[in-house]
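For reference, start.cif (mmCIF, C-alpha atoms):
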data_start
loop_
_atom_site.group_PDB
_atom_site.id
_atom_site.type_symbol
_atom_site.label_atom_id
_atom_site.label_comp_id
_atom_site.auth_asym_id
_atom_site.auth_seq_id
_atom_site.Cartn_x
_atom_site.Cartn_y
_atom_site.Cartn_z
ATOM 1 C CA MET L 1361 0.000 0.000 0.000
ATOM 2 C CA SER L 1362 1.351 3.465 -0.861
ATOM 3 C CA ASP L 1363 1.794 6.049 1.914
ATOM 4 C CA VAL L 1364 -1.019 8.172 0.437
ATOM 5 C CA ALA L 1365 -3.434 5.221 0.585
ATOM 6 C CA ALA L 1366 -2.158 4.355 4.096
ATOM 7 C CA ILE L 1367 -2.931 7.876 5.368
ATOM 8 C CA GLN L 1368 -6.438 7.700 3.881
ATOM 9 C CA ASN L 1369 -6.839 4.309 5.583
ATOM 10 C CA LEU L 1370 -5.667 5.823 8.899
ATOM 11 C CA VAL L 1371 -8.259 8.638 8.631
ATOM 12 C CA GLN L 1372 -11.012 6.043 8.151
ATOM 13 C CA LYS L 1373 -9.748 3.754 10.934
ATOM 14 C CA ARG L 1374 -9.511 6.665 13.371
ATOM 15 C CA LEU L 1375 -13.164 7.584 12.761
ATOM 16 C CA GLU L 1376 -14.189 3.962 13.357
ATOM 17 C CA LEU L 1377 -12.012 3.887 16.489
ATOM 18 C CA LYS L 1378 -13.605 7.016 17.946
ATOM 19 C CA LYS L 1379 -17.072 5.612 17.210
ATOM 20 C CA GLU L 1380 -16.156 2.402 19.037
ATOM 21 C CA ILE L 1381 -14.756 4.309 22.044
ATOM 22 C CA SER L 1382 -17.880 6.518 22.225
ATOM 23 C CA LYS L 1383 -19.999 3.414 22.950
ATOM 24 C CA ILE L 1384 -18.624 3.610 26.503
ATOM 25 C CA ILE L 1385 -16.880 6.998 26.897
ATOM 26 C CA VAL L 1386 -19.214 10.018 26.737
ATOM 27 C CA GLY L 1387 -17.620 13.300 25.577
ATOM 28 C CA GLN L 1388 -13.914 13.864 26.455
ATOM 29 C CA ASP L 1389 -13.219 14.187 22.709
ATOM 30 C CA ASP L 1390 -10.020 16.213 23.098
ATOM 31 C CA VAL L 1391 -8.654 13.795 25.693
ATOM 32 C CA VAL L 1392 -9.281 10.739 23.477
ATOM 33 C CA ASP L 1393 -7.704 12.577 20.506
ATOM 34 C CA GLN L 1394 -4.542 13.383 22.465
ATOM 35 C CA ILE L 1395 -4.228 9.799 23.763
ATOM 36 C CA LEU L 1396 -4.558 8.494 20.180
ATOM 37 C CA LEU L 1397 -2.019 11.061 18.905
ATOM 38 C CA SER L 1398 0.338 9.840 21.607
ATOM 39 C CA ILE L 1399 -0.140 6.144 20.750
ATOM 40 C CA PHE L 1400 0.277 6.593 16.983
ATOM 41 C CA SER L 1401 3.340 8.817 17.528
ATOM 42 C CA GLY L 1402 4.891 6.169 19.785
ATOM 43 C CA GLY L 1403 4.823 8.375 22.900
ATOM 44 C CA HIS L 1404 3.445 8.112 26.447
ATOM 45 C CA ALA L 1405 0.788 10.252 28.136
ATOM 46 C CA LEU L 1406 0.078 11.576 31.622
ATOM 47 C CA LEU L 1407 -3.603 12.089 32.534
ATOM 48 C CA VAL L 1408 -4.249 14.680 35.224
ATOM 49 C CA GLY L 1409 -7.751 14.812 36.658
ATOM 50 C CA VAL L 1410 -9.802 14.492 39.840
ATOM 51 C CA PRO L 1411 -11.182 11.056 40.827
ATOM 52 C CA GLY L 1412 -14.257 9.695 39.072
ATOM 53 C CA LEU L 1413 -13.653 11.102 35.567
ATOM 54 C CA ALA L 1414 -13.368 7.580 34.043
ATOM 55 C CA LYS L 1415 -9.600 7.732 33.455
ATOM 56 C CA THR L 1416 -9.171 3.975 34.026
ATOM 57 C CA LEU L 1417 -12.297 3.120 32.031
ATOM 58 C CA MET L 1418 -11.076 5.298 29.153
ATOM 59 C CA VAL L 1419 -7.669 3.588 28.960
ATOM 60 C CA ASN L 1420 -9.268 0.143 29.195
ATOM 61 C CA THR L 1421 -11.772 0.988 26.435
ATOM 62 C CA ILE L 1422 -9.070 2.418 24.129
ATOM 63 C CA SER L 1423 -6.838 -0.657 24.602
ATOM 64 C CA GLN L 1424 -9.781 -2.981 23.814
ATOM 65 C CA ALA L 1425 -10.655 -0.995 20.674
ATOM 66 C CA LEU L 1426 -6.998 -1.080 19.579
ATOM 67 C CA GLY L 1427 -6.877 -4.847 20.162
ATOM 68 C CA LEU L 1428 -3.915 -4.565 22.555
ATOM 69 C CA ASN L 1429 -3.031 -6.232 25.868
ATOM 70 C CA PHE L 1430 -3.714 -3.992 28.850
ATOM 71 C CA LYS L 1431 -2.422 -4.115 32.434
ATOM 72 C CA ARG L 1432 -3.267 -1.785 35.298
ATOM 73 C CA ILE L 1433 -0.761 -1.107 38.075
ATOM 74 C CA GLN L 1434 -2.137 0.595 41.182
ATOM 75 C CA PHE L 1435 0.723 2.678 42.571
ATOM 76 C CA THR L 1436 0.869 2.749 46.391
ATOM 77 C CA PRO L 1437 3.523 3.940 48.896
ATOM 78 C CA ASP L 1438 4.663 0.340 49.576
ATOM 79 C CA LEU L 1439 4.955 -0.749 45.917
ATOM 80 C CA MET L 1440 8.428 -2.080 45.057
ATOM 81 C CA PRO L 1441 10.216 -1.996 41.642
ATOM 82 C CA SER L 1442 10.015 -5.820 41.464
ATOM 83 C CA ASP L 1443 6.192 -5.573 41.766
ATOM 84 C CA ILE L 1444 6.238 -3.744 38.410
ATOM 85 C CA LEU L 1445 9.156 -5.296 36.543
ATOM 86 C CA GLY L 1446 9.051 -8.875 37.831
ATOM 87 C CA SER L 1447 11.610 -10.905 39.760
ATOM 88 C CA GLU L 1448 13.788 -13.991 39.629
ATOM 89 C CA ILE L 1449 12.768 -17.059 41.632
ATOM 90 C CA LEU L 1450 14.344 -20.486 42.164
ATOM 91 C CA ASP L 1451 12.358 -23.153 40.311
ATOM 92 C CA GLU L 1452 12.066 -26.857 41.247
ATOM 93 C CA ASN L 1453 15.373 -27.601 39.445
ATOM 94 C CA ARG L 1454 17.121 -24.962 41.568
ATOM 95 C CA GLN L 1455 17.584 -22.757 38.482
ATOM 96 C CA PHE L 1456 16.758 -19.053 38.497
ATOM 97 C CA LYS L 1457 13.616 -18.328 36.518
ATOM 98 C CA PHE L 1458 12.344 -14.838 35.637
ATOM 99 C CA ILE L 1459 8.666 -14.174 36.371
ATOM 100 C CA LYS L 1460 7.503 -11.211 34.287
ATOM 101 C CA GLY L 1461 5.768 -8.341 36.055
ATOM 102 C CA PRO L 1462 2.777 -6.315 34.784
ATOM 103 C CA VAL L 1463 5.101 -3.947 32.850
ATOM 104 C CA PHE L 1464 5.182 -6.664 30.133
ATOM 105 C CA SER L 1465 2.063 -5.619 28.237
ATOM 106 C CA ASN L 1466 1.214 -3.318 25.301
ATOM 107 C CA ILE L 1467 -0.623 -0.652 27.287
ATOM 108 C CA ILE L 1468 0.239 0.021 30.926
ATOM 109 C CA LEU L 1469 -2.047 2.118 33.089
ATOM 110 C CA ALA L 1470 0.123 3.497 35.905
ATOM 111 C CA ASP L 1471 -2.687 4.538 38.217
ATOM 112 C CA GLU L 1472 -1.889 7.395 40.627
ATOM 113 C CA ILE L 1473 1.801 7.311 39.726
ATOM 114 C CA ASN L 1474 2.582 10.093 42.222
ATOM 115 C CA ARG L 1475 1.530 7.873 45.181
ATOM 116 C CA THR L 1476 4.700 5.755 45.061
ATOM 117 C CA PRO L 1477 8.278 6.673 46.115
ATOM 118 C CA PRO L 1478 10.855 7.802 43.501
ATOM 119 C CA LYS L 1479 12.645 4.402 43.558
ATOM 120 C CA THR L 1480 9.508 2.713 42.171
ATOM 121 C CA GLN L 1481 8.622 5.590 39.828
ATOM 122 C CA ALA L 1482 12.113 5.275 38.339
ATOM 123 C CA ALA L 1483 11.519 1.556 37.621
ATOM 124 C CA LEU L 1484 9.319 2.656 34.724
ATOM 125 C CA LEU L 1485 11.964 4.961 33.206
ATOM 126 C CA GLU L 1486 13.931 2.315 31.294
ATOM 127 C CA ALA L 1487 10.741 0.655 30.055
ATOM 128 C CA MET L 1488 9.408 4.016 28.790
ATOM 129 C CA GLN L 1489 12.595 5.136 27.086
ATOM 130 C CA GLU L 1490 14.361 1.961 25.939
ATOM 131 C CA ARG L 1491 11.310 -0.346 25.601
ATOM 132 C CA SER L 1492 13.267 -2.905 27.620
ATOM 133 C CA VAL L 1493 13.800 -3.991 31.237
ATOM 134 C CA THR L 1494 17.085 -5.019 32.910
ATOM 135 C CA ILE L 1495 16.806 -7.481 35.804
ATOM 136 C CA ALA L 1496 19.825 -9.106 37.488
ATOM 137 C CA GLY L 1497 22.034 -8.212 34.512
ATOM 138 C CA HIS L 1498 19.657 -9.677 31.904
ATOM 139 C CA ASN L 1499 17.969 -7.414 29.366
ATOM 140 C CA TYR L 1500 14.386 -8.257 28.376
ATOM 141 C CA LYS L 1501 12.744 -6.567 25.374
ATOM 142 C CA LEU L 1502 9.128 -5.418 25.745
ATOM 143 C CA ASP L 1503 6.478 -6.261 23.164
ATOM 144 C CA LEU L 1504 5.703 -3.447 20.727
ATOM 145 C CA PRO L 1505 3.675 -1.266 20.503
ATOM 146 C CA TYR L 1506 4.393 -0.179 24.077
ATOM 147 C CA PHE L 1507 2.583 2.696 25.708
ATOM 148 C CA VAL L 1508 2.468 3.979 29.314
ATOM 149 C CA LEU L 1509 -0.531 5.995 30.387
ATOM 150 C CA ALA L 1510 -0.119 7.375 33.890
ATOM 151 C CA THR L 1511 -2.790 9.095 35.953
ATOM 152 C CA GLN L 1512 -2.272 11.719 38.587
ATOM 153 C CA ASN L 1513 -4.712 13.310 40.998
ATOM 154 C CA PRO L 1514 -4.105 17.091 41.142
ATOM 155 C CA ILE L 1515 -5.930 17.753 44.420
ATOM 156 C CA GLU L 1516 -4.365 15.265 46.827
ATOM 157 C CA GLN L 1517 -0.970 16.308 48.108
ATOM 158 C CA GLU L 1518 -1.051 14.149 51.280
ATOM 159 C CA GLY L 1519 1.243 11.135 50.902
ATOM 160 C CA THR L 1520 2.249 11.911 47.317
ATOM 161 C CA TYR L 1521 5.681 12.061 45.678
ATOM 162 C CA PRO L 1522 5.694 14.571 42.792
ATOM 163 C CA LEU L 1523 7.206 13.150 39.606
ATOM 164 C CA PRO L 1524 10.769 14.377 38.987
ATOM 165 C CA GLU L 1525 11.226 16.643 35.950
ATOM 166 C CA ALA L 1526 13.315 13.986 34.135
ATOM 167 C CA GLN L 1527 10.427 11.554 34.336
ATOM 168 C CA LEU L 1528 7.776 14.136 33.408
ATOM 169 C CA ASP L 1529 9.843 14.856 30.296
ATOM 170 C CA ARG L 1530 9.446 11.190 29.234
ATOM 171 C CA PHE L 1531 5.712 11.783 28.759
ATOM 172 C CA MET L 1532 4.857 13.121 25.321
ATOM 173 C CA PHE L 1533 1.562 14.646 26.462
ATOM 174 C CA ALA L 1534 0.214 15.881 29.788
ATOM 175 C CA ILE L 1535 -3.555 15.782 29.330
ATOM 176 C CA LYS L 1536 -5.965 17.605 31.646
ATOM 177 C CA LEU L 1537 -9.389 16.070 32.214
ATOM 178 C CA ASP L 1538 -12.226 18.405 33.123
ATOM 179 C CA TYR L 1539 -15.642 17.649 34.560
ATOM 180 C CA PRO L 1540 -18.233 16.643 31.935
ATOM 181 C CA THR L 1541 -20.831 19.158 30.767
ATOM 182 C CA PHE L 1542 -24.378 18.906 32.197
ATOM 183 C CA ALA L 1543 -25.663 17.061 29.095
ATOM 184 C CA GLU L 1544 -22.687 14.678 29.095
ATOM 185 C CA GLU L 1545 -23.145 13.896 32.782
ATOM 186 C CA VAL L 1546 -26.852 13.132 32.217
ATOM 187 C CA GLU L 1547 -25.789 10.743 29.419
ATOM 188 C CA VAL L 1548 -23.143 9.125 31.668
ATOM 189 C CA VAL L 1549 -25.646 8.542 34.474
ATOM 190 C CA LYS L 1550 -28.215 7.079 32.045
ATOM 191 C CA SER L 1551 -25.748 4.658 30.449
ATOM 192 C CA THR L 1552 -23.987 3.521 33.655
ATOM 193 C CA THR L 1553 -27.094 2.887 35.761
ATOM 194 C CA SER L 1554 -28.807 0.565 33.268
ATOM 195 C CA ASP L 1555 -28.168 -3.105 32.548
ATOM 196 C CA ALA L 1556 -26.777 -2.486 29.031
ATOM 197 C CA LYS L 1557 -23.223 -3.737 28.453
ATOM 198 C CA PRO L 1558 -21.839 -2.470 25.109
ATOM 199 C CA THR L 1559 -19.173 -4.664 23.520
ATOM 200 C CA ILE L 1560 -16.009 -3.087 22.114
ATOM 201 C CA ASN L 1561 -14.742 -4.593 18.856
ATOM 202 C CA PRO L 1562 -10.945 -4.645 18.345
ATOM 203 C CA LEU L 1563 -10.135 -2.727 15.146
ATOM 204 C CA PHE L 1564 -6.346 -3.117 14.868
ATOM 205 C CA SER L 1565 -3.641 -5.706 15.253
ATOM 206 C CA ALA L 1566 -0.398 -4.828 17.064
ATOM 207 C CA GLN L 1567 1.479 -4.946 13.737
ATOM 208 C CA GLU L 1568 -0.971 -2.499 12.107
ATOM 209 C CA ILE L 1569 -0.351 0.027 14.885
ATOM 210 C CA ILE L 1570 3.438 -0.370 14.477
ATOM 211 C CA ASP L 1571 3.032 0.143 10.698
ATOM 212 C CA PHE L 1572 1.025 3.337 11.280
ATOM 213 C CA GLN L 1573 3.703 4.570 13.728
ATOM 214 C CA HIS L 1574 6.355 4.074 10.990
ATOM 215 C CA LEU L 1575 4.074 5.773 8.446
ATOM 216 C CA ILE L 1576 3.767 8.861 10.677
ATOM 217 C CA ARG L 1577 7.561 9.057 11.047
ATOM 218 C CA ARG L 1578 7.915 8.953 7.242
ATOM 219 C CA ILE L 1579 5.659 12.005 6.732
ATOM 220 C CA PRO L 1580 7.788 14.894 5.363
ATOM 221 C CA VAL L 1581 7.881 18.235 7.214
ATOM 222 C CA ALA L 1582 8.760 21.619 5.732
ATOM 223 C CA ASP L 1583 11.746 23.415 7.279
ATOM 224 C CA ASN L 1584 9.640 26.433 8.276
ATOM 225 C CA VAL L 1585 7.369 24.160 10.399
ATOM 226 C CA ILE L 1586 10.372 22.614 12.183
ATOM 227 C CA GLU L 1587 11.840 26.094 12.726
ATOM 228 C CA TYR L 1588 8.499 27.298 14.156
ATOM 229 C CA ALA L 1589 8.430 24.359 16.626
ATOM 230 C CA VAL L 1590 12.062 24.877 17.708
ATOM 231 C CA THR L 1591 11.498 28.634 18.078
ATOM 232 C CA LEU L 1592 8.361 28.042 20.173
ATOM 233 C CA VAL L 1593 10.295 25.742 22.515
ATOM 234 C CA GLY L 1594 13.239 28.168 22.593
ATOM 235 C CA LYS L 1595 10.898 30.968 23.704
ATOM 236 C CA THR L 1596 10.034 29.010 26.877
ATOM 237 C CA ARG L 1597 13.653 29.170 28.142
ATOM 238 C CA PRO L 1598 14.182 32.157 30.483
ATOM 239 C CA ASN L 1599 17.202 34.379 29.814
ATOM 240 C CA SER L 1600 17.845 32.801 26.416
ATOM 241 C CA GLN L 1601 18.082 34.718 23.123
ATOM 242 C CA LEU L 1602 14.445 34.019 22.222
ATOM 243 C CA ALA L 1603 12.919 34.632 25.662
ATOM 244 C CA THR L 1604 10.558 37.582 26.101
ATOM 245 C CA ASP L 1605 10.211 39.692 29.272
ATOM 246 C CA TYR L 1606 6.987 37.795 29.974
ATOM 247 C CA VAL L 1607 8.862 34.456 30.086
ATOM 248 C CA ASN L 1608 11.740 35.913 32.115
ATOM 249 C CA ASN L 1609 9.172 37.241 34.606
ATOM 250 C CA TYR L 1610 7.118 34.094 35.112
ATOM 251 C CA LEU L 1611 9.230 31.003 34.309
ATOM 252 C CA ASP L 1612 12.123 29.392 36.170
ATOM 253 C CA TRP L 1613 12.858 26.727 33.545
ATOM 254 C CA GLY L 1614 11.810 26.062 29.968
ATOM 255 C CA ALA L 1615 11.326 22.972 27.819
ATOM 256 C CA GLY L 1616 14.233 20.867 26.506
ATOM 257 C CA PRO L 1617 14.920 19.482 23.011
ATOM 258 C CA ARG L 1618 12.608 16.500 23.584
ATOM 259 C CA ALA L 1619 9.720 18.991 23.468
ATOM 260 C CA SER L 1620 10.734 20.079 19.919
ATOM 261 C CA GLN L 1621 10.941 16.444 18.783
ATOM 262 C CA ASN L 1622 7.546 15.642 20.288
ATOM 263 C CA LEU L 1623 5.945 18.755 18.778
ATOM 264 C CA ILE L 1624 6.943 17.633 15.280
ATOM 265 C CA LEU L 1625 5.974 13.976 15.821
ATOM 266 C CA ALA L 1626 2.574 14.911 17.237
ATOM 267 C CA ALA L 1627 2.039 17.507 14.466
ATOM 268 C CA LYS L 1628 2.740 14.765 11.876
ATOM 269 C CA ALA L 1629 0.178 12.482 13.566
ATOM 270 C CA ASN L 1630 -2.348 15.326 13.789
ATOM 271 C CA ALA L 1631 -1.899 16.050 10.070
ATOM 272 C CA ALA L 1632 -2.295 12.348 9.185
ATOM 273 C CA PHE L 1633 -5.462 12.074 11.323
ATOM 274 C CA ASN L 1634 -6.930 14.916 9.257
ATOM 275 C CA GLY L 1635 -5.919 13.410 5.919
ATOM 276 C CA LYS L 1636 -3.038 15.830 5.254
ATOM 277 C CA PHE L 1637 0.233 14.575 3.797
ATOM 278 C CA SER L 1638 2.449 17.071 5.617
ATOM 279 C CA PRO L 1639 1.930 19.086 8.828
ATOM 280 C CA ASP L 1640 1.752 22.874 8.876
ATOM 281 C CA ILE L 1641 2.141 25.434 11.671
ATOM 282 C CA GLU L 1642 -1.539 24.993 12.654
ATOM 283 C CA ASP L 1643 -0.808 21.317 13.436
ATOM 284 C CA VAL L 1644 2.045 22.352 15.733
ATOM 285 C CA LYS L 1645 -0.240 24.846 17.498
ATOM 286 C CA ALA L 1646 -2.957 22.186 17.871
ATOM 287 C CA VAL L 1647 -0.673 19.932 19.937
ATOM 288 C CA ALA L 1648 1.524 22.542 21.668
ATOM 289 C CA THR L 1649 -0.380 22.918 24.953
ATOM 290 C CA GLY L 1650 -0.438 19.197 25.793
ATOM 291 C CA ILE L 1651 3.240 18.838 24.934
ATOM 292 C CA LEU L 1652 4.586 21.921 26.711
ATOM 293 C CA ARG L 1653 2.427 22.279 29.845
ATOM 294 C CA HIS L 1654 4.416 19.760 31.948
ATOM 295 C CA ARG L 1655 7.805 20.884 30.628
ATOM 296 C CA ILE L 1656 7.760 24.510 31.770
ATOM 297 C CA ILE L 1657 8.295 25.399 35.418
ATOM 298 C CA LYS L 1658 6.623 28.543 36.739
ATOM 299 C CA ASN L 1659 8.146 30.707 39.471
ATOM 300 C CA TYR L 1660 6.518 31.968 42.678
ATOM 301 C CA LYS L 1661 5.514 35.232 40.925
ATOM 302 C CA ALA L 1662 3.394 33.357 38.335
ATOM 303 C CA ASP L 1663 1.722 31.397 41.153
ATOM 304 C CA ALA L 1664 1.051 34.570 43.134
ATOM 305 C CA GLU L 1665 -0.546 36.269 40.117
ATOM 306 C CA GLY L 1666 -2.595 33.212 39.107
ATOM 307 C CA ILE L 1667 -0.746 32.743 35.802
ATOM 308 C CA THR L 1668 -1.254 29.198 34.461
ATOM 309 C CA GLU L 1669 0.983 27.181 32.132
ATOM 310 C CA GLU L 1670 -1.772 27.336 29.495
ATOM 311 C CA MET L 1671 -1.807 31.158 29.624
ATOM 312 C CA ILE L 1672 1.964 31.270 29.115
ATOM 313 C CA ILE L 1673 1.847 28.846 26.138
ATOM 314 C CA ASP L 1674 -1.040 30.785 24.531
ATOM 315 C CA LYS L 1675 0.941 34.015 24.929
ATOM 316 C CA LEU L 1676 3.985 32.426 23.230
ATOM 317 C CA MET L 1677 1.923 31.224 20.257
#
Please go through the file and, once you have read it, give me the structure as structure tokens.
Amino acid sequence: MSDVAAIQNLVQKRLELKKEISKIIVGQDDVVDQILLSIFSGGHALLVGVPGLAKTLMVNTISQALGLNFKRIQFTPDLMPSDILGSEILDENRQFKFIKGPVFSNIILADEINRTPPKTQAALLEAMQERSVTIAGHNYKLDLPYFVLATQNPIEQEGTYPLPEAQLDRFMFAIKLDYPTFAEEVEVVKSTTSDAKPTINPLFSAQEIIDFQHLIRRIPVADNVIEYAVTLVGKTRPNSQLATDYVNNYLDWGAGPRASQNLILAAKANAAFNGKFSPDIEDVKAVATGILRHRIIKNYKADAEGITEEMIIDKLM
């Protein structure tokens, strides 16, 4: 199949996918779009939202519709790295045998990732970056496609361990979930308090998703679009050549080069989803907030004046 035909196929499959997901998930269109952009770009996503917004249900539904294996890890203060990665045990022949942990799956839901100490949070780092796990000197490759979706509760600070910046940077998108609208909530209550159980049909094979990920990487990008993305990221860095007074006033740290890479990858996926054969500046703008919001660090002055990350990114664009 030619790349042109493959992109047209992707547009069609995405519409079918969203229809399948909407059997269970009401509204949250932007959130689903960003998760799909992340998956087809080969990135990971962090979902930030208060309890009860169907974060777990959403990830489960998306993994079913994609036809992928799904494991949920509930992060708690006493969780150990071996609980995620697996461990070696002595079998009946007195030989060491590796028992795989839940990290060996296509889609991992790291539920409430900020509830566990840094030692356990860091256990996911190698899996997210290298798509492999090293235990007792042995390296184990993870099955592809591999995607970590972590959730974080923004209102509970008691007993939480904020994610270090290096780990936050591993997430392609930070996605904010808001409360549903009145009409959506009515629809949610109707559908979840009846006896109806919709079935989700798997629409992809693992290989198809990998093929689409390669297709998105092959999409050409004009130099001016790459320069726009790099300039936008450069503007977030205080006291740099591109920084404005606004950034110098309100930010302590800006985004690193991984943000520029992710902007272009996500812009390519966004263009492909809309049937375009090359992304433009509008595609970069469409994905910029989700990609930059967790990579810029505000100072005390921004907090005191109620300046949000979203306001700063909008100002830069």
Using all atoms listed in the file, what table do you get, as JSON lines, when you list each residue of stretch 1391-1502 of chain L with an atom no more than 7 Å from stretch 1564-1573 of chain L, its nearest pair of atoms, and their distance in Å rounded to one decimal, rows by chain then rising number?
{"residue": "L:Phe1400", "atom": "CA", "partner": "L:Gln1573", "partner_atom": "CA", "distance": 5.1}
{"residue": "L:Ser1401", "atom": "CA", "partner": "L:Gln1573", "partner_atom": "CA", "distance": 5.7}
{"residue": "L:Gly1402", "atom": "CA", "partner": "L:Gln1573", "partner_atom": "CA", "distance": 6.4}
{"residue": "L:Leu1426", "atom": "CA", "partner": "L:Phe1564", "partner_atom": "CA", "distance": 5.2}
{"residue": "L:Gly1427", "atom": "CA", "partner": "L:Phe1564", "partner_atom": "CA", "distance": 5.6}
{"residue": "L:Leu1428", "atom": "CA", "partner": "L:Ala1566", "partner_atom": "CA", "distance": 6.5}
Please enumerate the residues selected by the PyMOL selection byres ((chain L and resi 1435) around 8) when evaluated against the supplied file, formatted as a JSON list (two decimals) with C-alpha atoms, in the coordinates of the input.
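Below is the file that was written, out_13.json:
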[["chain", "number", "residue", "atom", "x", "y", "z"],
["L", 1433, "ILE", "CA", -0.76, -1.11, 38.08],
["L", 1434, "GLN", "CA", -2.14, 0.60, 41.18],
["L", 1436, "THR", "CA", 0.87, 2.75, 46.39],
["L", 1437, "PRO", "CA", 3.52, 3.94, 48.90],
["L", 1439, "LEU", "CA", 4.96, -0.75, 45.92],
["L", 1470, "ALA", "CA", 0.12, 3.50, 35.90],
["L", 1471, "ASP", "CA", -2.69, 4.54, 38.22],
["L", 1472, "GLU", "CA", -1.89, 7.40, 40.63],
["L", 1473, "ILE", "CA", 1.80, 7.31, 39.73],
["L", 1474, "ASN", "CA", 2.58, 10.09, 42.22],
["L", 1475, "ARG", "CA", 1.53, 7.87, 45.18],
["L", 1476, "THR", "CA", 4.70, 5.76, 45.06]]
Practice task
Please measure the separation of atom CA of L:Ile1384 and atom CA of L:Asn1466, giving the value in Å to one decimal.
Solution key: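 Atom CA of L:Ile1384 sits 21.0 Å away from atom CA of L:Asn1466.
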Problem - Ground truth for the PyMOL selection byres ((chain L and resi 1381) around 8), written as a PyMOL selection string - result: chain L and resi 1377-1380+1382-1385+1421-1422+1425+1560
For the residues in that selection, give me C-alpha atoms as a tab-separated table (two decimals), in the coordinates of the input.
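Written file, selection-v3.tsv:
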chain	number	residue	atom	x	y	z
L	1377	LEU	CA	-12.01	3.89	16.49
L	1378	LYS	CA	-13.60	7.02	17.95
L	1379	LYS	CA	-17.07	5.61	17.21
L	1380	GLU	CA	-16.16	2.40	19.04
L	1382	SER	CA	-17.88	6.52	22.22
L	1383	LYS	CA	-20.00	3.41	22.95
L	1384	ILE	CA	-18.62	3.61	26.50
L	1385	ILE	CA	-16.88	7.00	26.90
L	1421	THR	CA	-11.77	0.99	26.44
L	1422	ILE	CA	-9.07	2.42	24.13
L	1425	ALA	CA	-10.66	-1.00	20.67
L	1560	ILE	CA	-16.01	-3.09	22.11
Handout entry: Using all atoms listed in the file: which of L:Leu1537, L:Val1508, L:Val1371, L:Val1548 has the shortest distance to L:Val1386
Key =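 Of L:Leu1537, L:Val1508, L:Val1371, L:Val1548, the one nearest L:Val1386, counting all atoms listed in the file, is L:Val1548.
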Problem - Distance query L:Asp1538 at most 10 Å, all atoms listed in the file, self and fewer than 6 positions along chain excluded, as a list in words - result: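 Close residues of L:Asp1538: Gln1388, Val1391, Val1408, Gly1409, Val1410 and Leu1413 of chain L.
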Practice task
Please provide the set of residues having any atom within 8 Å of stretch 1629-1645 of chain L, restricted to only C-alpha atoms, with same-chain residues fewer than 5 positions apart removed, written as JSON, numbers by chain.
Solution key: {"L": [1364, 1367, 1368, 1370, 1371, 1374, 1397, 1400, 1401, 1576, 1579, 1580, 1581, 1582, 1585, 1588, 1589, 1623, 1624, 1677]}
Output file for the residues above (C-alpha atoms, as a short mmCIF file (atom, residue, chain, number, x, y, z; two decimals), keeping the file's coordinate frame):
data_model
loop_
_atom_site.label_atom_id
_atom_site.label_comp_id
_atom_site.auth_asym_id
_atom_site.auth_seq_id
_atom_site.Cartn_x
_atom_site.Cartn_y
_atom_site.Cartn_z
CA VAL L 1364 -1.02 8.17 0.44
CA ILE L 1367 -2.93 7.88 5.37
CA GLN L 1368 -6.44 7.70 3.88
CA LEU L 1370 -5.67 5.82 8.90
CA VAL L 1371 -8.26 8.64 8.63
CA ARG L 1374 -9.51 6.66 13.37
CA LEU L 1397 -2.02 11.06 18.90
CA PHE L 1400 0.28 6.59 16.98
CA SER L 1401 3.34 8.82 17.53
CA ILE L 1576 3.77 8.86 10.68
CA ILE L 1579 5.66 12.00 6.73
CA PRO L 1580 7.79 14.89 5.36
CA VAL L 1581 7.88 18.24 7.21
CA ALA L 1582 8.76 21.62 5.73
CA VAL L 1585 7.37 24.16 10.40
CA TYR L 1588 8.50 27.30 14.16
CA ALA L 1589 8.43 24.36 16.63
CA LEU L 1623 5.94 18.76 18.78
CA ILE L 1624 6.94 17.63 15.28
CA MET L 1677 1.92 31.22 20.26
#
Practice task
Find the residues around L:Arg1655 up to 8 Å (all atoms listed in the file counted), leave out those fewer than 3 positions away in its own chain, and share them as a PyMOL selection string.
Solution key: chain L and resi 1525+1528-1529+1614-1616+1619+1651-1652
Using the chain letters and residue numbers of this document, give as a short mmCIF file (atom, residue, chain, number, x, y, z; two decimals) with C-alpha atoms, in the frame of the given file the residues selected by the PyMOL selection byres ((chain L and resi 1488) around 12).
data_model
loop_
_atom_site.label_atom_id
_atom_site.label_comp_id
_atom_site.auth_asym_id
_atom_site.auth_seq_id
_atom_site.Cartn_x
_atom_site.Cartn_y
_atom_site.Cartn_z
CA GLY L 1402 4.89 6.17 19.78
CA GLY L 1403 4.82 8.38 22.90
CA HIS L 1404 3.44 8.11 26.45
CA ALA L 1405 0.79 10.25 28.14
CA VAL L 1463 5.10 -3.95 32.85
CA PHE L 1464 5.18 -6.66 30.13
CA ASN L 1466 1.21 -3.32 25.30
CA ILE L 1467 -0.62 -0.65 27.29
CA ILE L 1468 0.24 0.02 30.93
CA ALA L 1470 0.12 3.50 35.90
CA GLN L 1481 8.62 5.59 39.83
CA ALA L 1482 12.11 5.28 38.34
CA ALA L 1483 11.52 1.56 37.62
CA LEU L 1484 9.32 2.66 34.72
CA LEU L 1485 11.96 4.96 33.21
CA GLU L 1486 13.93 2.32 31.29
CA ALA L 1487 10.74 0.66 30.06
CA GLN L 1489 12.60 5.14 27.09
CA GLU L 1490 14.36 1.96 25.94
CA ARG L 1491 11.31 -0.35 25.60
CA SER L 1492 13.27 -2.90 27.62
CA VAL L 1493 13.80 -3.99 31.24
CA LYS L 1501 12.74 -6.57 25.37
CA LEU L 1502 9.13 -5.42 25.74
CA LEU L 1504 5.70 -3.45 20.73
CA PRO L 1505 3.68 -1.27 20.50
CA TYR L 1506 4.39 -0.18 24.08
CA PHE L 1507 2.58 2.70 25.71
CA VAL L 1508 2.47 3.98 29.31
CA LEU L 1509 -0.53 6.00 30.39
CA ALA L 1510 -0.12 7.38 33.89
CA ALA L 1526 13.32 13.99 34.14
CA GLN L 1527 10.43 11.55 34.34
CA LEU L 1528 7.78 14.14 33.41
CA ASP L 1529 9.84 14.86 30.30
CA ARG L 1530 9.45 11.19 29.23
CA PHE L 1531 5.71 11.78 28.76
CA MET L 1532 4.86 13.12 25.32
#
